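Asker: Provided herewith: upload.cif, mmCIF, C-alpha atoms and all ligand atoms.
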data_protein
#
loop_
_atom_site.label_atom_id
_atom_site.label_comp_id
_atom_site.auth_asym_id
_atom_site.auth_seq_id
_atom_site.Cartn_x
_atom_site.Cartn_y
_atom_site.Cartn_z
CA MET A 1383 59.35 13.80 -2.04
CA LYS A 1384 59.03 11.59 1.07
CA ARG A 1385 58.75 7.83 0.59
CA ILE A 1386 56.16 6.23 2.88
CA LEU A 1387 55.29 2.57 3.42
CA LEU A 1388 51.62 1.96 4.16
CA ILE A 1389 51.24 -1.30 6.10
CA ALA A 1390 47.69 -2.65 6.22
CA THR A 1391 46.58 -5.00 9.00
CA GLY A 1392 42.76 -4.82 8.73
CA GLY A 1393 40.28 -3.19 11.13
CA THR A 1394 37.13 -1.21 10.41
CA ILE A 1395 39.01 1.15 8.07
CA ALA A 1396 39.45 -1.81 5.70
CA SER A 1397 36.11 -3.50 6.39
CA GLN A 1398 33.07 -4.20 4.25
CA ARG A 1399 29.61 -5.42 5.12
CA SER A 1400 29.06 -9.18 5.05
CA MET A 1401 26.19 -11.41 6.18
CA GLN A 1402 28.12 -11.97 9.42
CA GLY A 1403 28.82 -8.26 10.04
CA LEU A 1404 31.69 -5.97 9.13
CA LYS A 1405 34.92 -7.74 8.27
CA PRO A 1406 38.26 -6.59 6.81
CA LEU A 1407 38.30 -7.17 3.04
CA ILE A 1408 39.69 -3.95 1.51
CA THR A 1409 43.33 -4.27 0.43
CA SER A 1410 46.23 -1.92 1.17
CA ASP A 1411 46.28 -0.69 -2.47
CA GLU A 1412 42.55 0.02 -2.34
CA LEU A 1413 42.98 1.95 0.94
CA LEU A 1414 45.57 4.15 -0.72
CA SER A 1415 43.35 4.77 -3.75
CA TYR A 1416 40.85 6.59 -1.48
CA VAL A 1417 43.37 9.37 -0.69
CA PRO A 1418 44.76 10.51 -4.07
CA GLN A 1419 45.60 13.93 -2.53
CA ALA A 1420 48.53 12.26 -0.71
CA GLN A 1421 50.42 12.09 -4.02
CA LYS A 1422 51.04 15.84 -3.65
CA PHE A 1423 53.35 15.35 -0.66
CA CYS A 1424 54.50 11.72 -0.60
CA GLN A 1425 55.20 8.70 -2.69
CA THR A 1426 53.54 5.73 -1.02
CA GLU A 1427 54.02 2.01 -1.45
CA THR A 1428 51.87 -0.55 0.29
CA LEU A 1429 52.30 -3.81 2.17
CA GLN A 1430 49.39 -6.08 3.06
CA LEU A 1431 50.72 -7.70 6.23
CA LEU A 1432 47.44 -8.95 7.75
CA ASN A 1433 43.74 -8.42 7.19
CA ILE A 1434 42.17 -9.10 10.59
CA ASP A 1435 39.79 -7.53 13.05
CA SER A 1436 42.11 -6.17 15.74
CA THR A 1437 40.19 -8.22 18.31
CA ASN A 1438 42.41 -11.02 17.02
CA MET A 1439 45.66 -9.04 17.32
CA GLN A 1440 48.30 -10.85 19.41
CA PRO A 1441 51.89 -10.20 20.52
CA SER A 1442 53.15 -12.35 17.61
CA HIS A 1443 51.49 -9.83 15.25
CA TRP A 1444 53.23 -6.91 17.00
CA LEU A 1445 56.54 -8.67 16.39
CA MET A 1446 55.51 -9.19 12.76
CA ILE A 1447 54.72 -5.48 12.29
CA ALA A 1448 58.00 -4.41 13.97
CA SER A 1449 59.94 -6.87 11.84
CA ALA A 1450 58.31 -5.57 8.62
CA ILE A 1451 59.26 -2.01 9.57
CA ARG A 1452 62.79 -3.14 10.41
CA SER A 1453 63.32 -4.87 7.09
CA HIS A 1454 62.02 -1.85 5.11
CA TYR A 1455 63.50 0.80 7.41
CA ARG A 1456 66.25 2.05 5.09
CA SER A 1457 64.01 2.26 2.03
CA TYR A 1458 61.37 4.62 3.46
CA ASP A 1459 61.21 7.95 5.32
CA GLY A 1460 58.14 7.01 7.34
CA PHE A 1461 55.60 4.27 8.02
CA VAL A 1462 51.81 4.27 8.38
CA VAL A 1463 50.16 1.22 9.94
CA CYS A 1464 46.40 0.86 9.30
CA HIS A 1465 44.86 -1.01 12.22
CA GLY A 1466 41.57 -1.75 13.94
CA THR A 1467 40.71 0.70 16.68
CA ASP A 1468 39.80 -1.85 19.36
CA THR A 1469 43.37 -2.85 20.23
CA MET A 1470 45.19 -0.01 18.48
CA ALA A 1471 46.39 1.47 21.79
CA TYR A 1472 48.04 -1.86 22.69
CA THR A 1473 49.75 -2.12 19.31
CA ALA A 1474 50.95 1.49 19.45
CA ALA A 1475 52.38 0.90 22.93
CA ALA A 1476 53.94 -2.44 21.93
CA LEU A 1477 55.59 -0.83 18.88
CA SER A 1478 56.89 1.95 21.15
CA TYR A 1479 58.87 -0.71 23.05
CA LEU A 1480 59.86 -2.80 20.02
CA ILE A 1481 61.02 0.21 17.97
CA GLN A 1482 62.73 2.67 20.31
CA ASP A 1483 64.06 6.14 19.47
CA SER A 1484 63.27 5.96 15.79
CA PRO A 1485 64.17 9.18 13.95
CA LYS A 1486 61.63 8.14 11.31
CA PRO A 1487 57.91 8.33 12.15
CA VAL A 1488 55.82 5.20 12.67
CA VAL A 1489 52.16 6.29 12.61
CA ILE A 1490 49.27 4.01 13.62
CA THR A 1491 45.81 4.89 12.40
CA GLY A 1492 42.37 3.44 11.73
CA ALA A 1493 38.78 4.61 11.60
CA GLN A 1494 35.37 4.25 13.17
CA LYS A 1495 33.75 3.79 9.73
CA PRO A 1496 35.01 1.83 6.71
CA ILE A 1497 36.83 3.82 4.04
CA ASP A 1498 34.34 2.84 1.31
CA MET A 1499 31.38 4.42 3.13
CA GLU A 1500 30.11 7.79 1.97
CA ILE A 1501 30.26 9.27 5.46
CA THR A 1502 33.48 8.18 7.12
CA ASP A 1503 36.43 9.39 9.17
CA ALA A 1504 38.75 6.96 7.37
CA LYS A 1505 39.91 9.20 4.53
CA THR A 1506 40.79 12.09 6.86
CA ASN A 1507 42.61 9.78 9.28
CA LEU A 1508 44.61 8.10 6.52
CA LEU A 1509 45.47 11.36 4.79
CA ASP A 1510 46.48 13.00 8.09
CA SER A 1511 48.64 9.98 8.92
CA LEU A 1512 50.44 10.09 5.58
CA LEU A 1513 50.94 13.83 6.06
CA PHE A 1514 52.36 13.37 9.55
CA ALA A 1515 54.59 10.48 8.43
CA SER A 1516 55.95 12.83 5.73
CA CYS A 1517 56.69 15.67 8.18
CA ASP A 1518 60.35 16.49 8.86
CA ARG A 1519 59.63 17.13 12.53
CA ALA A 1520 57.82 13.82 13.12
CA SER A 1521 59.61 10.85 14.72
CA GLY A 1522 58.93 7.80 16.87
CA VAL A 1523 55.71 5.85 17.32
CA THR A 1524 52.46 7.83 17.39
CA ILE A 1525 48.72 7.38 16.89
CA VAL A 1526 47.09 9.82 14.46
CA PHE A 1527 43.31 9.87 14.84
CA ASP A 1528 40.60 12.50 14.47
CA GLY A 1529 43.14 15.28 13.96
CA LYS A 1530 45.21 14.44 17.04
CA VAL A 1531 48.75 13.13 17.27
CA ILE A 1532 49.16 10.99 20.39
CA ALA A 1533 52.39 9.48 21.76
CA GLY A 1534 52.29 5.72 21.10
CA THR A 1535 52.32 4.93 24.82
CA ARG A 1536 49.59 7.40 25.78
CA GLY A 1537 46.66 6.46 23.57
CA LYS A 1538 43.44 4.96 24.86
CA LYS A 1539 40.20 4.15 23.08
CA GLU A 1540 37.62 5.95 25.20
CA ARG A 1541 34.64 6.00 22.83
CA THR A 1542 33.23 3.02 21.00
CA LYS A 1543 31.36 4.93 18.26
CA SER A 1544 32.34 8.60 17.96
CA TYR A 1545 35.06 9.86 15.65
CA ASN A 1546 37.00 11.27 18.62
CA ALA A 1547 37.56 7.75 19.91
CA PHE A 1548 41.10 8.21 21.23
CA SER A 1549 42.43 10.33 24.07
CA SER A 1550 45.96 11.00 25.22
CA ILE A 1551 46.06 9.91 28.86
CA ASN A 1552 48.05 11.88 31.44
CA PHE A 1553 50.02 13.55 28.66
CA PRO A 1554 49.31 16.35 26.15
CA TYR A 1555 48.73 15.78 22.44
CA ILE A 1556 52.00 16.05 20.54
CA ALA A 1557 50.29 17.91 17.69
CA THR A 1558 46.96 18.48 16.02
CA ILE A 1559 46.21 18.32 12.30
CA GLN A 1560 43.56 20.51 10.71
CA ASP A 1561 42.98 21.08 7.00
CA GLN A 1562 46.32 19.42 6.29
CA HIS A 1563 48.27 21.71 8.62
CA ILE A 1564 50.22 20.19 11.50
CA LEU A 1565 50.42 22.28 14.66
CA PHE A 1566 53.03 20.94 17.10
CA TYR A 1567 52.15 21.48 20.75
CA LEU A 1568 55.32 19.83 22.01
CA ASP A 1569 58.92 19.88 20.97
CA ASN A 1570 59.58 16.65 19.18
CA PRO A 1571 63.38 16.38 19.10
CA LYS A 1572 64.51 13.81 16.55
CA PRO A 1573 66.64 11.01 18.03
CA GLN A 1574 69.84 10.12 16.17
CA ASN A 1575 69.96 6.98 14.05
CA THR A 1576 72.61 5.62 16.43
CA GLN A 1577 70.21 5.71 19.40
CA MET A 1578 67.52 3.60 17.80
CA HIS A 1579 66.86 -0.02 18.70
CA PHE A 1580 64.65 -2.74 17.33
CA TYR A 1581 63.67 -5.55 19.70
CA ASP A 1582 62.32 -8.94 18.66
CA ARG A 1583 61.24 -10.66 21.85
CA LEU A 1584 58.14 -10.38 24.02
CA ASN A 1585 56.95 -12.54 26.90
CA GLU A 1586 53.18 -12.94 26.65
CA ARG A 1587 52.81 -14.36 30.15
CA VAL A 1588 51.41 -11.13 31.60
CA ALA A 1589 47.95 -11.15 33.22
CA LEU A 1590 45.57 -8.44 34.36
CA LEU A 1591 43.39 -8.68 37.47
CA LYS A 1592 40.75 -6.02 37.97
CA LEU A 1593 39.58 -5.69 41.56
CA ILE A 1594 35.89 -5.55 42.35
CA PRO A 1595 34.46 -5.37 45.86
CA SER A 1596 34.33 -9.02 47.07
CA LEU A 1597 36.97 -10.47 44.73
CA LYS A 1598 38.67 -13.52 46.18
CA ALA A 1599 42.47 -13.62 46.41
CA GLY A 1600 42.42 -17.24 45.20
CA VAL A 1601 42.27 -15.84 41.65
CA LEU A 1602 45.89 -14.71 42.12
CA ASP A 1603 46.95 -18.26 43.06
CA TYR A 1604 45.25 -19.56 39.93
CA LEU A 1605 46.94 -16.91 37.72
CA ALA A 1606 50.35 -17.81 39.14
CA GLU A 1607 50.09 -21.20 37.39
CA TYR A 1608 50.00 -19.56 33.96
CA TYR A 1609 51.68 -16.15 34.19
CA ASP A 1610 55.06 -14.63 35.06
CA ALA A 1611 53.62 -11.20 35.89
CA VAL A 1612 50.30 -9.83 37.05
CA ILE A 1613 49.03 -6.28 36.87
CA ILE A 1614 46.50 -5.57 39.60
CA GLU A 1615 44.05 -2.83 38.66
CA SER A 1616 43.06 -1.55 42.07
CA PHE A 1617 40.72 1.24 43.13
CA GLY A 1618 41.63 4.95 43.25
CA VAL A 1619 45.28 5.78 43.92
CA GLY A 1620 45.85 2.15 44.86
CA GLY A 1621 45.64 -0.44 47.58
CA LEU A 1622 44.79 -4.08 48.24
CA PRO A 1623 41.91 -5.43 50.33
CA SER A 1624 42.79 -6.75 53.76
CA TYR A 1625 39.51 -8.69 54.23
CA ASP A 1626 39.31 -12.53 54.37
CA SER A 1627 42.09 -12.73 56.99
CA GLY A 1628 44.62 -11.04 54.68
CA ASP A 1629 44.37 -13.53 51.81
CA PHE A 1630 45.58 -10.97 49.26
CA HIS A 1631 48.67 -10.37 51.36
CA LYS A 1632 49.41 -14.10 51.41
CA ALA A 1633 48.82 -14.46 47.66
CA ILE A 1634 51.16 -11.56 46.85
CA LYS A 1635 53.81 -13.00 49.16
CA GLN A 1636 53.62 -16.25 47.22
CA TRP A 1637 54.04 -14.45 43.87
CA ILE A 1638 57.10 -12.54 45.10
CA ASN A 1639 58.67 -15.58 46.80
CA VAL A 1640 58.76 -17.50 43.51
CA GLY A 1641 60.33 -14.53 41.70
CA LYS A 1642 57.25 -13.39 39.75
CA THR A 1643 56.42 -9.75 39.05
CA VAL A 1644 53.48 -7.87 40.57
CA VAL A 1645 52.56 -4.40 39.29
CA MET A 1646 49.93 -2.21 40.91
CA THR A 1647 47.90 0.19 38.83
CA THR A 1648 44.56 1.95 39.07
CA GLN A 1649 41.30 1.34 37.26
CA VAL A 1650 40.73 5.10 37.15
CA THR A 1651 41.78 6.34 33.70
CA ASN A 1652 43.18 9.73 34.62
CA GLU A 1653 45.91 10.93 37.02
CA GLY A 1654 47.47 7.58 37.87
CA SER A 1655 48.26 5.66 41.04
CA ASN A 1656 50.09 6.58 44.22
CA MET A 1657 50.22 3.65 46.61
CA SER A 1658 51.94 5.67 49.30
CA VAL A 1659 48.79 7.66 50.22
CA TYR A 1660 46.69 5.07 52.10
CA GLU A 1661 47.59 2.36 54.57
CA VAL A 1662 46.00 -0.28 52.28
CA GLY A 1663 48.58 0.62 49.62
CA GLN A 1664 51.66 1.83 51.46
CA SER A 1665 52.19 -1.17 53.71
CA ILE A 1666 51.93 -3.80 50.97
CA LYS A 1667 54.08 -1.83 48.54
CA GLN A 1668 56.82 -1.36 51.13
CA GLU A 1669 56.76 -4.93 52.33
CA PHE A 1670 57.05 -6.51 48.90
CA GLY A 1671 58.64 -3.70 46.87
CA LEU A 1672 55.82 -3.97 44.33
CA LEU A 1673 56.13 -2.05 41.07
CA GLU A 1674 53.63 0.72 40.48
CA ALA A 1675 52.40 2.01 37.13
CA TYR A 1676 51.86 5.61 38.34
CA ASP A 1677 50.77 7.65 35.29
CA MET A 1678 51.23 4.90 32.66
CA THR A 1679 48.25 3.70 30.69
CA LEU A 1680 47.18 0.10 31.14
CA GLU A 1681 48.05 -0.59 27.49
CA ALA A 1682 51.58 0.70 28.04
CA THR A 1683 51.94 -1.17 31.33
CA VAL A 1684 50.91 -4.50 29.75
CA THR A 1685 53.15 -4.19 26.70
CA LYS A 1686 56.10 -2.73 28.61
CA LEU A 1687 56.05 -5.75 30.94
CA MET A 1688 55.88 -8.11 27.95
CA TRP A 1689 58.87 -6.32 26.44
CA ILE A 1690 60.86 -6.26 29.71
CA LEU A 1691 60.18 -9.92 30.52
CA GLY A 1692 61.27 -10.78 26.98
CA GLN A 1693 64.70 -9.33 27.89
CA THR A 1694 65.28 -10.32 31.52
CA ASN A 1695 64.06 -12.24 34.59
CA ASP A 1696 66.22 -10.32 37.04
CA PRO A 1697 63.97 -8.38 39.49
CA SER A 1698 66.31 -5.38 39.81
CA GLU A 1699 66.73 -5.14 36.03
CA ILE A 1700 62.93 -5.45 35.64
CA GLN A 1701 62.46 -2.58 38.08
CA LYS A 1702 65.08 -0.42 36.34
CA LEU A 1703 63.54 -0.92 32.89
CA PHE A 1704 60.00 -0.47 34.19
CA TYR A 1705 60.71 3.00 35.56
CA GLN A 1706 62.78 4.09 32.55
CA THR A 1707 60.80 6.56 30.42
CA ILE A 1708 60.33 5.18 26.90
CA ASN A 1709 58.43 7.15 24.27
CA ARG A 1710 57.01 9.42 27.02
CA ASP A 1711 55.29 6.51 28.81
CA ILE A 1712 55.98 7.35 32.47
CA LEU A 1713 56.72 10.67 34.12
CA TYR A 1714 55.35 10.34 37.62
CA THR A 1715 57.84 8.17 39.41
CA ALA A 1716 59.19 10.83 41.73
CA THR A 1717 59.03 9.97 45.42
CA TRP A 1718 60.43 12.01 48.23
CA ARG A 1719 63.60 10.57 49.65
CA ASN A 1720 64.52 13.78 51.34
CA SER A 1721 61.73 16.29 51.60
CA SER A 1722 64.12 19.25 51.81
CA ASP A 1723 65.95 18.52 48.58
CA CYS A 1724 64.36 18.33 45.12
CA GLY A 1725 67.68 16.97 43.86
CA GLU A 1726 66.91 13.71 45.64
CA PHE A 1727 64.02 12.82 43.32
CA GLU A 1728 64.36 9.46 41.64
CA THR A 1729 63.60 11.03 38.29
CA THR A 1730 63.85 14.53 36.95
CA SER A 1731 60.32 14.62 35.64
CA GLY A 1732 58.41 16.41 38.38
CA CYS A 1733 58.03 17.53 41.94
CA GLN A 1734 55.64 15.77 44.26
CA ALA A 1735 54.72 16.28 47.87
CA ASP A 1736 53.33 13.16 49.48
CA LEU A 1737 50.53 13.66 51.95
N1 LIG A 1801 36.56 -4.35 15.60
C1 LIG A 1801 37.30 -3.39 14.80
C2 LIG A 1801 38.78 -3.68 14.97
O1 LIG A 1801 39.31 -3.35 15.98
C3 LIG A 1801 36.97 -2.01 15.23
C4 LIG A 1801 37.68 -0.91 14.50
O2 LIG A 1801 38.59 -1.09 13.74
O3 LIG A 1801 37.28 0.26 14.73
O4 LIG A 1801 39.38 -4.24 14.09
#
If you convert what's in this file into structure tokens, what do you get?
Ligand code: ASP
Answerer:
Amino acid sequence: MKRILLIATGGTIASQRSMQGLKPLITSDELLSYVPQAQKFCQTETLQLLNIDSTNMQPSHWLMIASAIRSHYRSYDGFVVCHGTDTMAYTAAALSYLIQDSPKPVVITGAQKPIDMEITDAKTNLLDSLLFASCDRASGVTIVFDGKVIAGTRGKKERTKSYNAFSSINFPYIATIQDQHILFYLDNPKPQNTQMHFYDRLNERVALLKLIPSLKAGVLDYLAEYYDAVIIESFGVGGLPSYDSGDFHKAIKQWINVGKTVVMTTQVTNEGSNMSVYEVGQSIKQEFGLLEAYDMTLEATVTKLMWILGQTNDPSEIQKLFYQTINRDILYTATWRNSSDCGEFETTSGCQADL
């Protein structure tokens, strides 16, 4: 029988009503007691690591979770992390970078309703997660929620209240789970033990700037005082405003001149960026060699940068790591170098014809 470690960190799944609103109070042992059916397929032990609303989750907590998994790695066949839904996609992405190529599954789950309520998604989500963590074909970091198995770098909370809160962005579901049957939609080849890596450093100095019509570029100068990298969430496939006598251009130049990292992404959830399409994107990307998130989720982009900047400050190494596919996070980095030869693509993941 598979041995699973259930790591509880709080969230709605573990919450109870209080005068101040829902707050995490249910313990890891109590969570497990709500799914006695799991004893049929796994032997589970529990670890109460935190008991917080995931609004309070920080990079130091991601390191704590990864470190707990590392120190118990040999003793268990799989891990289930119970977590609040609000920042679950960030934690799943962060763990994808901190625990790479794990042959054992690390499953993150939570719920929209507390597990002690009569009508709740919590029991199904927890039971499905234990089932998936016990599956021979499962590996790596995933989210299991509402019957879907989502790559850890592809999850996004898209609904605040419904049970189907999470979607897999720009990538198919790995599997679905119905009535305790797992249906794999994708091959999930198990990495070898020798390939796996734990990391224990993150650089939190990563900021996000969401463009709105009229935003002043001075915000970028302000951010430069506190952050080593900025992700600019631009409109559509991507570009930067040229109004105000090119102030954005000047601000970006300043960031690059002092060796800081600028990543362009889009505020549109689906289909990703492509800065080469419009003049407002192409010229600035070419001039400064800005990084581009393409099909990565924002959650993956943020945590990947924190992981990369925890390892290196070297711009070419940052670029290399950023475009390296980790736990299925980025596929769309192909750019034509030679339009007559598909072999000249920068990656092997797709074919793209620029307009
Ligand atoms: N605020 C809660 C949390 O993220 C919401 C949830 O778990 O669904 O911890």
Asker: Neighbours of ligand LIG 1801 (chain A) within 7 Å, counting all atoms listed in the file, as a list in words?
Answerer: Gly1392, Gly1393, Thr1394, Ile1395, Ile1434, Asp1435, Ser1436, Thr1437, His1465, Gly1466, Thr1467, Asp1468, Thr1469, Gly1492, Ala1493 and Gln1494 of chain A
Asker: Using all atoms listed in the file, which residue out of A:Thr1506, A:Leu1480, A:Phe1580, A:Ser1550 lies closest to Ser1453 (chain A)?
Answerer: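 Closest residue, counting all atoms listed in the file: A:Phe1580.
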Asker: Between A:Tyr1567, A:Tyr1608, A:Phe1514, A:Trp1637, which has the minimum distance to Val1526 (chain A) (counting all atoms listed in the file)?
Answerer: A:Phe1514
Asker: Between A:Asn1552, A:Ser1698, A:Gln1574, A:Asn1585, which residue has the minimum interatomic distance to Lys1538 (chain A), considering all atoms listed in the file?
Answerer: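 For Lys1538 (chain A), the nearest of the candidates is A:Asn1552.
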Asker: Counting all atoms listed in the file, which residue out of A:Gly1641, A:Gly1621, A:Pro1487, A:Gly1628 sits closest to Ser1665 (chain A)?
Answerer: A:Gly1621
Asker: Between A:Ala1606, A:Ala1396, A:Ala1420, A:Gly1618, which has the minimum distance to Val1659 (chain A) (counting all atoms listed in the file)?
Answerer: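 Of A:Ala1606, A:Ala1396, A:Ala1420, A:Gly1618, the one nearest Val1659 (chain A), counting all atoms listed in the file, is A:Gly1618.
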Asker: Smallest atom-to-atom distance to Ile1532 (chain A): which of A:Ile1690, A:Ala1448, A:Leu1404, A:Ile1556, using all atoms listed in the file?
Answerer: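 Using all atoms listed in the file, the shortest distance to Ile1532 (chain A) belongs to A:Ile1556.
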Asker: Which residues are near Val1489 (chain A)? Cut-off 6 Å, all atoms listed in the file, ignore same chain within fewer than 3 positions. Put them as a CSV table (one decimal) with C-alpha atoms, keeping the file's coordinate frame.
Answerer:
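Output file result-v2.csv follows:
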chain,number,residue,atom,x,y,z
A,1462,VAL,CA,51.8,4.3,8.4
A,1523,VAL,CA,55.7,5.8,17.3
A,1524,THR,CA,52.5,7.8,17.4
A,1525,ILE,CA,48.7,7.4,16.9
Asker: Show me a table, sorted first by chain and then by increasing residue number, of the residues of region 1623-1679 of chain A having an atom at most 12 Å from region 1543-1549 of chain A, each with its shortest atom pair and the distance in Å to one decimal, counting only C-alpha atoms and written as JSON lines.
Answerer:
{"residue": "A:Thr1651", "atom": "CA", "partner": "A:Ser1549", "partner_atom": "CA", "distance": 10.4}
{"residue": "A:Asn1652", "atom": "CA", "partner": "A:Ser1549", "partner_atom": "CA", "distance": 10.6}
{"residue": "A:Thr1679", "atom": "CA", "partner": "A:Ser1549", "partner_atom": "CA", "distance": 11.0}
Asker: For CA of Tyr1676 (chain A) and CA of Met1446 (chain A), determine how far apart the two atoms are, in Å to one decimal place.
Answerer: 29.8 Å
Asker: How far is it from CA of Ser1655 (chain A) to CA of Phe1670 (chain A), in Å with one decimal?
Answerer: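 Calculated distance between CA of Ser1655 (chain A) and CA of Phe1670 (chain A) is 16.9 Å.
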Asker: Residues at most 7 Å from Ala1471 (chain A), counting only C-alpha atoms, excluding those fewer than 3 positions away in the same chain, as a PyMOL selection string?
Answerer: chain A and resi 1474-1475+1537-1539+1681
Asker: If you count only C-alpha atoms, which residues fall within 8 Å of Ile1712 (chain A), apart from same-chain ones fewer than 6 positions away, as an MDAnalysis selection string?
Answerer: chainID A and resid 1675:1678 1705:1706
Asker: One decimal, Å: what's the distance from CA of Ile1490 (chain A) over to CA of Arg1536 (chain A), could you say?
Answerer: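 It comes out at 12.6 Å.
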Asker: Neighbourhood query: residues within 10 Å of (40.1, -6.9, 0.2), file coordinates, counting all atoms listed in the file; return as a VMD selection string.
Answerer: chain A and resid 1392 1396 to 1398 1405 to 1413 1430 1433
Asker: Could those residues be written to a file, using C-alpha atoms, as a CSV table (one decimal), in the coordinates of the input?
Answerer:
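Okay, this is what ended up in again.csv:
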chain,number,residue,atom,x,y,z
A,1392,GLY,CA,42.8,-4.8,8.7
A,1396,ALA,CA,39.4,-1.8,5.7
A,1397,SER,CA,36.1,-3.5,6.4
A,1398,GLN,CA,33.1,-4.2,4.2
A,1405,LYS,CA,34.9,-7.7,8.3
A,1406,PRO,CA,38.3,-6.6,6.8
A,1407,LEU,CA,38.3,-7.2,3.0
A,1408,ILE,CA,39.7,-4.0,1.5
A,1409,THR,CA,43.3,-4.3,0.4
A,1410,SER,CA,46.2,-1.9,1.2
A,1411,ASP,CA,46.3,-0.7,-2.5
A,1412,GLU,CA,42.6,0.0,-2.3
A,1413,LEU,CA,43.0,2.0,0.9
A,1430,GLN,CA,49.4,-6.1,3.1
A,1433,ASN,CA,43.7,-8.4,7.2
Asker: Neighbours of Leu1597 (chain A) within 12 Å (only C-alpha atoms; same-chain residues fewer than 6 positions away dropped), as number ranges by chain?
Answerer: A: 1591, 1614, 1616, 1622-1626, 1629-1630
Asker: Those same residues - C-alpha atoms - I'd like them written as a PDB file, in the frame of the given file.
Answerer:
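Here's the written file part19.pdb:
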ATOM      1  CA  LEU A1591      43.390  -8.680  37.470  1.00  0.00           C
ATOM      2  CA  ILE A1614      46.500  -5.570  39.600  1.00  0.00           C
ATOM      3  CA  SER A1616      43.060  -1.550  42.070  1.00  0.00           C
ATOM      4  CA  LEU A1622      44.790  -4.080  48.240  1.00  0.00           C
ATOM      5  CA  PRO A1623      41.910  -5.430  50.330  1.00  0.00           C
ATOM      6  CA  SER A1624      42.790  -6.750  53.760  1.00  0.00           C
ATOM      7  CA  TYR A1625      39.510  -8.690  54.230  1.00  0.00           C
ATOM      8  CA  ASP A1626      39.310 -12.530  54.370  1.00  0.00           C
ATOM      9  CA  ASP A1629      44.370 -13.530  51.810  1.00  0.00           C
ATOM     10  CA  PHE A1630      45.580 -10.970  49.260  1.00  0.00           C
TER      11      PHE A1630
END
Asker: Calculate, to one decimal in Å, the centre and edge lengths of the box along x, y and z of the file that holds all listed atoms of region 1461-1474 of chain A with 3 Å of margin on each side, and present them as JSON.
Answerer:
{"center_x": 47.7, "center_y": 0.7, "center_z": 15.4, "size_x": 21.8, "size_y": 13.1, "size_z": 20.7}
Asker: Within 12 Å of (57.3, -6.0, 53.1) in the file's own coordinates, which protein, DNA or RNA residues have an atom, counting all atoms listed in the file? List them as a list in words.
Answerer: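 Residues close enough to count: His1631, Lys1632, Ile1634, Lys1635, Ile1638, Asn1639, Gly1663, Gln1664, Ser1665, Ile1666, Lys1667, Gln1668, Glu1669, Phe1670, Gly1671 and Leu1672 of chain A.
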Asker: For region 1628-1637 of chain A, which lacks atoms in the input, supply N, CA, C and O atoms and format the output as a compact mmCIF listing (two decimals), keeping the file's coordinate frame.
Answerer:
# COMPACT_ATOMS: atom_id res chain seq x y z
N GLY A 1628 43.37 -11.43 55.37
CA GLY A 1628 44.62 -11.04 54.68
C GLY A 1628 45.02 -11.98 53.56
O GLY A 1628 46.20 -12.18 53.29
N ASP A 1629 44.05 -12.58 52.89
CA ASP A 1629 44.37 -13.53 51.81
C ASP A 1629 45.14 -12.90 50.65
O ASP A 1629 45.97 -13.56 50.02
N PHE A 1630 44.85 -11.64 50.35
CA PHE A 1630 45.58 -10.97 49.26
C PHE A 1630 47.06 -10.85 49.61
O PHE A 1630 47.94 -11.07 48.77
N HIS A 1631 47.31 -10.50 50.86
CA HIS A 1631 48.67 -10.37 51.36
C HIS A 1631 49.42 -11.69 51.15
O HIS A 1631 50.54 -11.73 50.63
N LYS A 1632 48.76 -12.78 51.53
CA LYS A 1632 49.41 -14.10 51.41
C LYS A 1632 49.66 -14.45 49.95
O LYS A 1632 50.71 -15.00 49.59
N ALA A 1633 48.68 -14.12 49.09
CA ALA A 1633 48.82 -14.46 47.66
C ALA A 1633 49.97 -13.66 47.03
O ALA A 1633 50.76 -14.21 46.25
N ILE A 1634 50.08 -12.39 47.40
CA ILE A 1634 51.16 -11.56 46.85
C ILE A 1634 52.52 -12.10 47.32
O ILE A 1634 53.48 -12.20 46.55
N LYS A 1635 52.56 -12.46 48.60
CA LYS A 1635 53.81 -13.00 49.16
C LYS A 1635 54.27 -14.21 48.35
O LYS A 1635 55.44 -14.36 48.02
N GLN A 1636 53.32 -15.05 48.00
CA GLN A 1636 53.62 -16.25 47.22
C GLN A 1636 54.18 -15.88 45.84
O GLN A 1636 55.17 -16.46 45.38
N TRP A 1637 53.56 -14.90 45.18
CA TRP A 1637 54.04 -14.45 43.87
C TRP A 1637 55.49 -13.97 43.96
O TRP A 1637 56.33 -14.34 43.14
